[in-house]
Structures are given as C-alpha cells and as structure tokens.
$ cat target35.cif   # mmCIF, C-alpha atoms
data_input
#
loop_
_atom_site.label_atom_id
_atom_site.label_comp_id
_atom_site.auth_asym_id
_atom_site.auth_seq_id
_atom_site.Cartn_x
_atom_site.Cartn_y
_atom_site.Cartn_z
CA MET A 1 -5.85 10.12 9.13
CA SER A 2 -2.49 8.95 10.43
CA MET A 3 -2.04 5.85 12.53
CA LYS A 4 -2.52 5.73 16.27
CA VAL A 5 -1.33 2.97 18.52
CA SER A 6 -2.06 2.21 22.16
CA THR A 7 -0.44 -0.51 24.20
CA ARG A 8 -1.88 -2.81 26.86
CA GLN A 9 -0.80 -5.98 28.61
CA VAL A 10 -2.90 -9.12 28.96
CA ASP A 11 -1.44 -12.25 30.55
CA GLY A 12 2.11 -11.31 29.62
CA ILE A 13 1.21 -10.51 26.03
CA THR A 14 1.64 -6.97 24.72
CA ILE A 15 -1.32 -5.97 22.59
CA LEU A 16 -0.90 -3.03 20.23
CA ASP A 17 -4.31 -1.61 19.33
CA MET A 18 -3.77 0.18 16.06
CA SER A 19 -6.10 2.50 14.17
CA GLY A 20 -5.92 4.58 11.02
CA ARG A 21 -3.60 4.10 8.06
CA ILE A 22 -0.32 2.21 7.83
CA THR A 23 1.31 3.90 4.87
CA LEU A 24 4.64 5.33 3.80
CA GLY A 25 5.62 8.24 6.02
CA GLU A 26 2.58 7.89 8.25
CA GLY A 27 1.84 4.67 10.07
CA SER A 28 4.91 2.75 8.94
CA VAL A 29 7.30 4.63 11.21
CA THR A 30 4.81 4.59 14.09
CA LEU A 31 4.45 0.82 13.82
CA ARG A 32 8.21 0.31 13.62
CA ASP A 33 8.82 2.47 16.69
CA ALA A 34 6.03 0.80 18.67
CA VAL A 35 7.41 -2.69 18.06
CA ARG A 36 10.95 -1.54 18.88
CA ASP A 37 9.72 -0.02 22.15
CA VAL A 38 8.00 -3.25 23.14
CA LEU A 39 11.09 -5.33 22.37
CA ALA A 40 13.29 -2.85 24.24
CA LYS A 41 11.19 -3.41 27.34
CA GLY A 42 11.89 -7.12 27.15
CA THR A 43 8.49 -8.26 25.97
CA LYS A 44 8.67 -10.70 23.10
CA HIS A 45 5.04 -11.73 22.72
CA ILE A 46 3.24 -9.14 20.59
CA LEU A 47 -0.30 -9.14 19.26
CA LEU A 48 -1.08 -6.50 16.65
CA ASN A 49 -4.76 -5.64 16.73
CA LEU A 50 -5.49 -4.34 13.22
CA GLY A 51 -9.26 -4.16 13.65
CA ASP A 52 -9.37 -0.37 13.23
CA ILE A 53 -6.80 -0.14 10.46
CA THR A 54 -8.66 1.48 7.60
CA TYR A 55 -5.94 1.34 4.98
CA ILE A 56 -2.56 -0.22 4.39
CA ASP A 57 -0.24 0.19 1.41
CA SER A 58 2.81 -1.78 0.27
CA SER A 59 5.02 0.14 2.70
CA GLY A 60 2.67 -0.83 5.51
CA ILE A 61 2.69 -4.46 4.41
CA GLY A 62 6.48 -4.32 4.33
CA GLU A 63 6.52 -2.87 7.81
CA LEU A 64 4.34 -5.71 9.09
CA VAL A 65 6.75 -8.19 7.53
CA SER A 66 9.75 -6.40 9.04
CA ALA A 67 8.07 -6.36 12.46
CA PHE A 68 7.36 -10.08 12.14
CA THR A 69 10.95 -10.96 11.27
CA THR A 70 12.43 -8.57 13.87
CA VAL A 71 10.37 -10.14 16.66
CA LYS A 72 11.04 -13.66 15.41
CA ASN A 73 14.79 -13.00 15.23
CA SER A 74 14.60 -11.77 18.81
CA GLY A 75 13.19 -15.11 19.86
CA GLY A 76 9.65 -13.84 20.20
CA GLU A 77 6.32 -14.17 18.48
CA LEU A 78 4.23 -11.58 16.63
CA LYS A 79 0.65 -12.39 15.67
CA LEU A 80 -2.09 -10.46 13.93
CA LEU A 81 -5.61 -9.95 15.27
CA ASN A 82 -8.89 -8.77 13.71
CA LEU A 83 -7.95 -8.22 10.09
CA THR A 84 -10.34 -6.11 8.06
CA LYS A 85 -11.46 -7.58 4.75
CA LYS A 86 -9.13 -5.25 2.89
CA VAL A 87 -6.06 -6.20 4.91
CA HIS A 88 -7.04 -9.86 4.74
CA ASP A 89 -7.32 -9.67 0.95
CA LEU A 90 -3.96 -7.88 0.65
CA LEU A 91 -2.21 -10.52 2.73
CA GLN A 92 -3.85 -13.20 0.58
CA ILE A 93 -2.73 -11.82 -2.77
CA THR A 94 0.78 -11.15 -1.49
CA LYS A 95 0.90 -14.74 -0.12
CA LEU A 96 1.64 -13.42 3.37
CA TYR A 97 -1.54 -14.72 4.98
CA THR A 98 0.06 -18.07 5.72
CA VAL A 99 3.31 -16.45 6.87
CA PHE A 100 1.58 -14.59 9.68
CA ASP A 101 -0.31 -16.27 12.50
CA VAL A 102 -3.68 -14.56 12.08
CA LYS A 103 -6.34 -14.64 14.79
CA ASP A 104 -9.87 -13.28 14.95
CA ASP A 105 -10.51 -13.70 18.68
CA GLU A 106 -8.41 -11.95 21.31
CA ALA A 107 -8.77 -14.55 24.05
CA SER A 108 -7.75 -17.45 21.86
CA ALA A 109 -4.97 -15.35 20.35
CA ILE A 110 -3.52 -14.68 23.80
CA ALA A 111 -3.83 -18.35 24.73
CA SER A 112 -1.98 -19.38 21.55
CA PHE A 113 1.33 -17.74 22.50
CA THR A 114 4.13 -20.01 23.70
CA LYS A 115 4.72 -19.19 27.35
CA MET B 116 -13.59 10.25 -35.30
CA ALA B 117 -15.42 11.51 -32.23
CA ASP B 118 -13.46 12.44 -29.12
CA SER B 119 -14.64 10.07 -26.40
CA THR B 120 -12.88 11.97 -23.59
CA THR B 121 -15.36 13.02 -20.93
CA SER B 122 -12.96 14.61 -18.46
CA ARG B 123 -9.27 15.23 -18.03
CA VAL B 124 -7.19 16.85 -15.31
CA SER B 125 -3.43 17.07 -14.92
CA PHE B 126 -0.94 18.31 -12.34
CA THR B 127 2.77 18.99 -12.04
CA LEU B 128 3.77 18.41 -8.44
CA ASP B 129 6.84 18.37 -6.24
CA SER B 130 8.55 15.23 -4.96
CA SER B 131 6.89 14.98 -1.57
CA LEU B 132 4.51 12.82 0.41
CA GLU B 133 1.88 15.54 -0.06
CA THR B 134 2.09 14.78 -3.78
CA VAL B 135 1.46 11.09 -3.08
CA ASN B 136 -1.62 11.96 -1.04
CA LYS B 137 -2.94 14.43 -3.63
CA ILE B 138 -2.56 11.92 -6.47
CA GLU B 139 -4.24 9.20 -4.41
CA GLN B 140 -7.14 11.46 -3.46
CA THR B 141 -7.61 12.64 -7.04
CA ALA B 142 -7.61 9.06 -8.30
CA GLU B 143 -10.24 8.12 -5.73
CA LEU B 144 -12.41 11.06 -6.75
CA CYS B 145 -12.10 10.22 -10.46
CA ALA B 146 -12.91 6.56 -9.79
CA VAL B 147 -16.01 7.47 -7.79
CA ARG B 148 -17.18 9.88 -10.51
CA ALA B 149 -16.57 7.18 -13.13
CA GLY B 150 -19.02 4.96 -11.29
CA PHE B 151 -16.71 2.20 -10.07
CA ASP B 152 -17.99 0.26 -7.07
CA GLU B 153 -16.48 0.66 -3.61
CA ASP B 154 -14.01 -2.22 -3.93
CA ALA B 155 -12.81 -1.04 -7.33
CA VAL B 156 -12.40 2.52 -6.08
CA SER B 157 -10.31 1.26 -3.18
CA ASN B 158 -8.16 -0.88 -5.47
CA ILE B 159 -7.68 1.91 -8.01
CA SER B 160 -6.69 4.46 -5.38
CA MET B 161 -4.25 1.98 -3.84
CA ALA B 162 -2.65 1.21 -7.21
CA ILE B 163 -2.31 4.90 -8.01
CA ARG B 164 -0.83 5.57 -4.56
CA GLU B 165 1.77 2.88 -5.19
CA ALA B 166 2.64 4.44 -8.55
CA ALA B 167 2.93 7.87 -6.93
CA VAL B 168 5.19 6.48 -4.20
CA ASN B 169 7.38 4.94 -6.89
CA ALA B 170 7.65 8.29 -8.66
CA VAL B 171 8.38 10.36 -5.56
CA LEU B 172 10.49 7.91 -3.58
CA HIS B 173 12.17 5.54 -6.02
CA GLY B 174 12.13 7.78 -9.10
CA ASN B 175 12.82 11.31 -7.91
CA ALA B 176 14.18 10.29 -4.49
CA TYR B 177 12.43 13.30 -2.87
CA ASP B 178 14.63 15.63 -4.98
CA VAL B 179 13.18 19.14 -4.68
CA ASN B 180 14.47 19.95 -8.16
CA LYS B 181 12.48 17.13 -9.77
CA SER B 182 8.76 17.07 -10.37
CA VAL B 183 6.02 14.49 -10.83
CA LYS B 184 3.44 14.83 -13.56
CA ALA B 185 0.06 13.18 -13.12
CA SER B 186 -2.91 13.12 -15.46
CA PHE B 187 -6.35 11.61 -14.99
CA GLU B 188 -8.55 10.93 -18.00
CA THR B 189 -12.01 9.45 -17.92
CA THR B 190 -13.61 8.26 -21.13
CA THR B 191 -16.70 6.23 -21.80
CA GLU B 192 -14.50 3.13 -21.85
CA SER B 193 -11.95 3.59 -19.10
CA LEU B 194 -10.13 5.58 -16.46
CA THR B 195 -6.54 6.23 -17.52
CA ILE B 196 -3.98 7.66 -15.13
CA ARG B 197 -0.44 8.58 -16.12
CA ILE B 198 2.29 9.32 -13.59
CA ALA B 199 5.74 10.42 -14.71
CA ASP B 200 8.90 11.09 -12.72
CA GLN B 201 12.32 12.46 -13.63
CA GLY B 202 14.36 9.70 -12.01
CA PRO B 203 16.96 7.34 -13.43
CA GLY B 204 14.37 5.11 -15.07
CA LEU B 205 12.65 1.91 -14.03
CA ASP B 206 13.01 -1.32 -15.94
CA PRO B 207 10.03 -3.48 -14.91
CA GLU B 208 11.85 -6.60 -16.05
CA THR B 209 14.42 -6.16 -13.28
CA ILE B 210 11.89 -6.07 -10.43
CA PRO B 211 12.10 -9.22 -8.30
CA ASP B 212 8.93 -11.32 -7.96
CA PRO B 213 7.63 -10.54 -4.43
CA LEU B 214 5.80 -13.90 -4.36
CA ALA B 215 8.98 -15.92 -4.84
CA PRO B 216 9.92 -17.81 -1.67
CA GLU B 217 13.24 -16.00 -1.40
CA ASN B 218 11.46 -12.61 -1.51
CA ILE B 219 8.34 -13.29 0.52
CA LEU B 220 9.80 -11.86 3.75
CA ARG B 221 11.34 -8.80 2.16
CA GLY B 222 10.27 -5.52 3.71
CA SER B 223 9.70 -3.86 0.32
CA GLY B 224 9.19 -4.57 -3.37
CA ARG B 225 5.42 -5.15 -3.55
CA GLY B 226 4.32 -1.85 -5.10
CA ILE B 227 4.46 -2.78 -8.79
CA PHE B 228 2.91 -6.17 -7.99
CA LEU B 229 -0.09 -4.47 -6.35
CA ILE B 230 -0.41 -2.03 -9.24
CA ARG B 231 -0.58 -4.92 -11.69
CA ALA B 232 -3.00 -6.82 -9.45
CA PHE B 233 -5.49 -3.96 -9.23
CA MET B 234 -5.37 -2.35 -12.69
CA ASP B 235 -6.43 -3.85 -16.03
CA GLU B 236 -3.47 -2.48 -17.96
CA VAL B 237 -0.08 -1.20 -16.82
CA HIS B 238 2.42 0.26 -19.26
CA PHE B 239 5.93 1.56 -18.66
CA ARG B 240 7.57 4.16 -20.88
CA GLN B 241 11.14 5.39 -20.54
CA LEU B 242 11.41 9.18 -20.74
CA HIS B 243 15.22 9.64 -20.55
CA PRO B 244 15.28 10.75 -17.84
CA GLY B 245 12.40 9.29 -15.95
CA THR B 246 9.63 6.78 -16.24
CA GLU B 247 5.97 7.18 -17.13
CA LEU B 248 3.47 4.66 -15.87
CA THR B 249 0.12 4.44 -17.62
CA LEU B 250 -2.51 2.71 -15.51
CA ILE B 251 -5.86 1.81 -17.05
CA LYS B 252 -9.04 0.50 -15.46
CA HIS B 253 -11.85 -0.39 -17.85
CA ARG B 254 -15.32 0.71 -16.90
CA PRO B 255 -17.92 -2.06 -16.84
CA PRO B 256 -20.48 -1.74 -19.67
CA ALA B 257 -23.23 -0.64 -17.31
CA GLN B 258 -21.10 2.33 -16.19
CA SER B 259 -20.06 3.48 -19.66
CA GLY B 260 -21.51 6.54 -21.30
CA THR B 261 -21.85 8.61 -18.17
#
$ encode --input "target35.cif" --output "structure tokens"
Amino acid sequence: MSMKVSTRQVDGITILDMSGRITLGEGSVTLRDAVRDVLAKGTKHILLNLGDITYIDSSGIGELVSAFTTVKNSGGELKLLNLTKKVHDLLQITKLYTVFDVKDDEASAIASFTK
Amino acid sequence: MADSTTSRVSFTLDSSLETVNKIEQTAELCAVRAGFDEDAVSNISMAIREAAVNAVLHGNAYDVNKSVKASFETTTESLTIRIADQGPGLDPETIPDPLAPENILRGSGRGIFLIRAFMDEVHFRQLHPGTELTLIKHRPPAQSGT
C-alpha cells in the first residue's frame, strides 16, 4: 500500500494526516511534495500525523529529516504526532527521537507551536 | 555430515523497485515460515529491504543491463539471505556513521546501520564487479528443527 496524505487546518497549523508506507519510490516523494506544497502556500507550522503509517524505511526516515530541516530553514516548525511503536523504535535507534518534537496528543501539539 | 538445509529459493531480478518489493516480501514470508515472532519478522523484512535498495539503487543504479541475485536459505539454525548486485562495489568501512552528530540530520545513509541493527550477522563480499551482502538471523532454540 502506498502512502496517502490529507491536509487540514487547525488554529493556523497545517496537519498532514498520513497513512500507509513511507518508503523509497512510494511515500517518500509524496511526503516531500506535500511539505513543499504547504510551505509554498505560506504556512510554516506543520504537524505530521503518523498514526496510520504502517511502515517506514531508511528512505522514509531520511525524508522526515529532510522535511524537518527544510521547514526549520524556512523559519517554521515541523512536529510529529502519534508515532506507532515501530516508528518510535526506529527514531530511537537512529537517535532522531530527540531531534524531532514528538507529540501524542493533537490538541497539546497544536498549542505547542510558536505563534 | 548431514545437510541441515530445510529450504532454499533464489531469484535473478532486474534493477527496479519491483525487485525491492519482491525481495522484501519473500524475506517476510521466509521469516514467518521460520517461526520468528512478529517483531523479528518486521525487523528482518526491513533489513532485507534496505539491502535490496542498496543493490538496486546504490549498486546497480537502476541499470537495466544489471541484475540483482537474491537467495533465501532456512536451516534449523538460521535464516540466511544473500543479495548481490553488479555495481562498482561497496566498502563498508567508508560508510559514515549516521549516529555521529555531524551526520544526524543527513537525509540518507542509514540503510547499512539498520541492517546491522536488525540482523545477527552481516557480511560483505566484493565480487568484482559488485557486492554481495550475506544477512543472517539465528533462530531461537525453541524454533529450531521445524
């Protein structure tokens, strides 16, 4: 199953609800394009909801990192929401868990953005 | 000496993303049949996917004239998967540490690290041209002999 992404706005934050796999040639490009589209529209506060991501490989992890740095370099913030155990474990072993701002509650995640 | 091999399957495939998916799916099937638990199956299939991506993308560079060979062997002791490409060769000693502070925000370079994290043994062999990775996961004693 390839990745699907839908976009919604809550209190000035763009939430990307993502589902499926973030892997080379599948979700990686979709994620990259989705983040670029959001930035192009002038929104710089992005919350990636990964609750329905079933699988992520090293390309997907790299794409998350690239999205994080792209948004940060644009003066914005990108945070992660609802990590599955698998994604959580992958971010732990790659030492990225502390790089990302990871949230497990949407309301508090939205409130945490600098506005 | 008795042959302890219980099953073996091998493929020669093209340098495409379909090959990556086929190798990953075959690894998952072999791991399930070998009796690994759900977490181990997930880790094995991820490691094998990373090795397949290395072969197709970094080794053969999607070259239609180059192939990828993959073999899957289950014995009473272990699951052994070999993946070989026809690329310029990969020296594992030259791969930057993705956990080093200067590399932590790189957008790539974590594949071999994940392979090593999830498999019990990882061996590189230079084929001139190409690289063969041998990935081994030992079966827990309770699962052996099936």
$ atom_distance --input "target35.cif" --atom1 "CA of Arg164 in chain B" --atom2 "CA of Glu143 in chain B"
9.8 Å
$ atom_distance --input "target35.cif" --atom1 "CA of Ser130 in chain B" --atom2 "CA of Leu172 in chain B"
7.7 Å
$ resolve_selection --input "target35.cif" --expression "the PyMOL selection byres ((chain A) within 12 of (chain B))" --output "ChimeraX atom specification"
/A:1-2,23-26,28,32,54-70,72,85-87,89-100
$ atom_distance --input "target35.cif" --atom1 "CA of Val38 in chain A" --atom2 "CA of Ser19 in chain A"
17.7 Å
$ resolve_selection --input "target35.cif" --expression "the PyMOL selection byres ((chain B and resi 146) around 10)" --output "number ranges by chain"
B: 140-145, 147-153, 155-160, 187, 189, 193-194, 252, 254
$ axis_aligned_box --input "target35.cif" --around "range 50-64 of chain A" --padding-each-side "8 Å" --output "AutoDock Vina command-line options"
--center_x -1.4 --center_y -2.1 --center_z 7.0 --size_x 31.9 --size_y 23.2 --size_z 29.4
$ closest_residue --input "target35.cif" --among "A:Ala111, A:Ile22, A:Leu48, A:Val5" --to "Leu78 in chain A" --atoms "all atoms listed in the file"
A:Leu48
$ resolve_selection --input "target35.cif" --expression "the PyMOL selection byres ((chain A and resi 52) around 9)" --output "ChimeraX atom specification"
/A:17-21,49-51,53-54,82-84
$ residues_near_point --input "target35.cif" --point "(5.4, 9.3, -17.3)" --cutoff "7 Å" --atoms "all atoms listed in the file" --output "PDB file with C-alpha atoms, in the coordinates of the input"
ATOM      1  CA  LYS B 184       3.440  14.830 -13.560  1.00  0.00           C
ATOM      2  CA  ARG B 197      -0.440   8.580 -16.120  1.00  0.00           C
ATOM      3  CA  ILE B 198       2.290   9.320 -13.590  1.00  0.00           C
ATOM      4  CA  ALA B 199       5.740  10.420 -14.710  1.00  0.00           C
ATOM      5  CA  ASP B 200       8.900  11.090 -12.720  1.00  0.00           C
ATOM      6  CA  ARG B 240       7.570   4.160 -20.880  1.00  0.00           C
ATOM      7  CA  LEU B 242      11.410   9.180 -20.740  1.00  0.00           C
ATOM      8  CA  THR B 246       9.630   6.780 -16.240  1.00  0.00           C
ATOM      9  CA  GLU B 247       5.970   7.180 -17.130  1.00  0.00           C
ATOM     10  CA  LEU B 248       3.470   4.660 -15.870  1.00  0.00           C
TER      11      LEU B 248
END
$ closest_residue --input "target35.cif" --among "A:Thr14, A:Gln9, A:Thr114, A:Ser74" --to "Leu47 in chain A" --atoms "all atoms listed in the file"
A:Thr14
$ decode --input "target35.cif" --residues "range 146-166 of chain B" --atoms "N, CA and C atoms" --output "short mmCIF file (atom, residue, chain, number, x, y, z; two decimals), in the first residue's frame"
data_model
loop_
_atom_site.label_atom_id
_atom_site.label_comp_id
_atom_site.auth_asym_id
_atom_site.auth_seq_id
_atom_site.Cartn_x
_atom_site.Cartn_y
_atom_site.Cartn_z
N ALA B 146 10.71 -15.54 6.83
CA ALA B 146 10.84 -15.32 8.28
C ALA B 146 9.61 -15.85 9.03
N VAL B 147 8.45 -15.65 8.45
CA VAL B 147 7.22 -16.18 9.08
C VAL B 147 7.29 -17.70 9.12
N ARG B 148 7.66 -18.31 7.99
CA ARG B 148 7.74 -19.78 7.92
C ARG B 148 8.79 -20.34 8.87
N ALA B 149 9.84 -19.53 9.12
CA ALA B 149 10.90 -19.99 10.03
C ALA B 149 10.49 -19.85 11.49
N GLY B 150 9.34 -19.23 11.73
CA GLY B 150 8.82 -19.18 13.09
C GLY B 150 9.26 -17.98 13.91
N PHE B 151 9.83 -16.98 13.27
CA PHE B 151 10.20 -15.77 14.02
C PHE B 151 8.94 -15.04 14.48
N ASP B 152 9.05 -14.35 15.62
CA ASP B 152 7.88 -13.62 16.11
C ASP B 152 7.65 -12.36 15.27
N GLU B 153 6.55 -11.69 15.53
CA GLU B 153 6.11 -10.58 14.68
C GLU B 153 7.16 -9.46 14.60
N ASP B 154 7.74 -9.11 15.74
CA ASP B 154 8.75 -8.05 15.74
C ASP B 154 9.98 -8.45 14.92
N ALA B 155 10.40 -9.70 15.10
CA ALA B 155 11.57 -10.18 14.36
C ALA B 155 11.30 -10.22 12.87
N VAL B 156 10.10 -10.66 12.50
CA VAL B 156 9.74 -10.69 11.08
C VAL B 156 9.80 -9.29 10.49
N SER B 157 9.26 -8.34 11.22
CA SER B 157 9.27 -6.95 10.76
C SER B 157 10.70 -6.43 10.60
N ASN B 158 11.54 -6.74 11.59
CA ASN B 158 12.93 -6.28 11.52
C ASN B 158 13.70 -6.94 10.39
N ILE B 159 13.48 -8.24 10.22
CA ILE B 159 14.17 -8.96 9.13
C ILE B 159 13.75 -8.40 7.78
N SER B 160 12.45 -8.22 7.58
CA SER B 160 11.99 -7.75 6.27
C SER B 160 12.49 -6.33 6.00
N MET B 161 12.59 -5.52 7.06
CA MET B 161 13.13 -4.16 6.87
C MET B 161 14.61 -4.22 6.50
N ALA B 162 15.38 -5.05 7.19
CA ALA B 162 16.81 -5.16 6.89
C ALA B 162 17.03 -5.63 5.46
N ILE B 163 16.23 -6.62 5.05
CA ILE B 163 16.39 -7.15 3.70
C ILE B 163 15.97 -6.11 2.67
N ARG B 164 14.92 -5.35 2.98
CA ARG B 164 14.52 -4.27 2.06
C ARG B 164 15.66 -3.27 1.88
N GLU B 165 16.30 -2.91 2.99
CA GLU B 165 17.41 -1.96 2.91
C GLU B 165 18.54 -2.52 2.04
N ALA B 166 18.82 -3.80 2.20
CA ALA B 166 19.88 -4.42 1.39
C ALA B 166 19.49 -4.43 -0.08
#
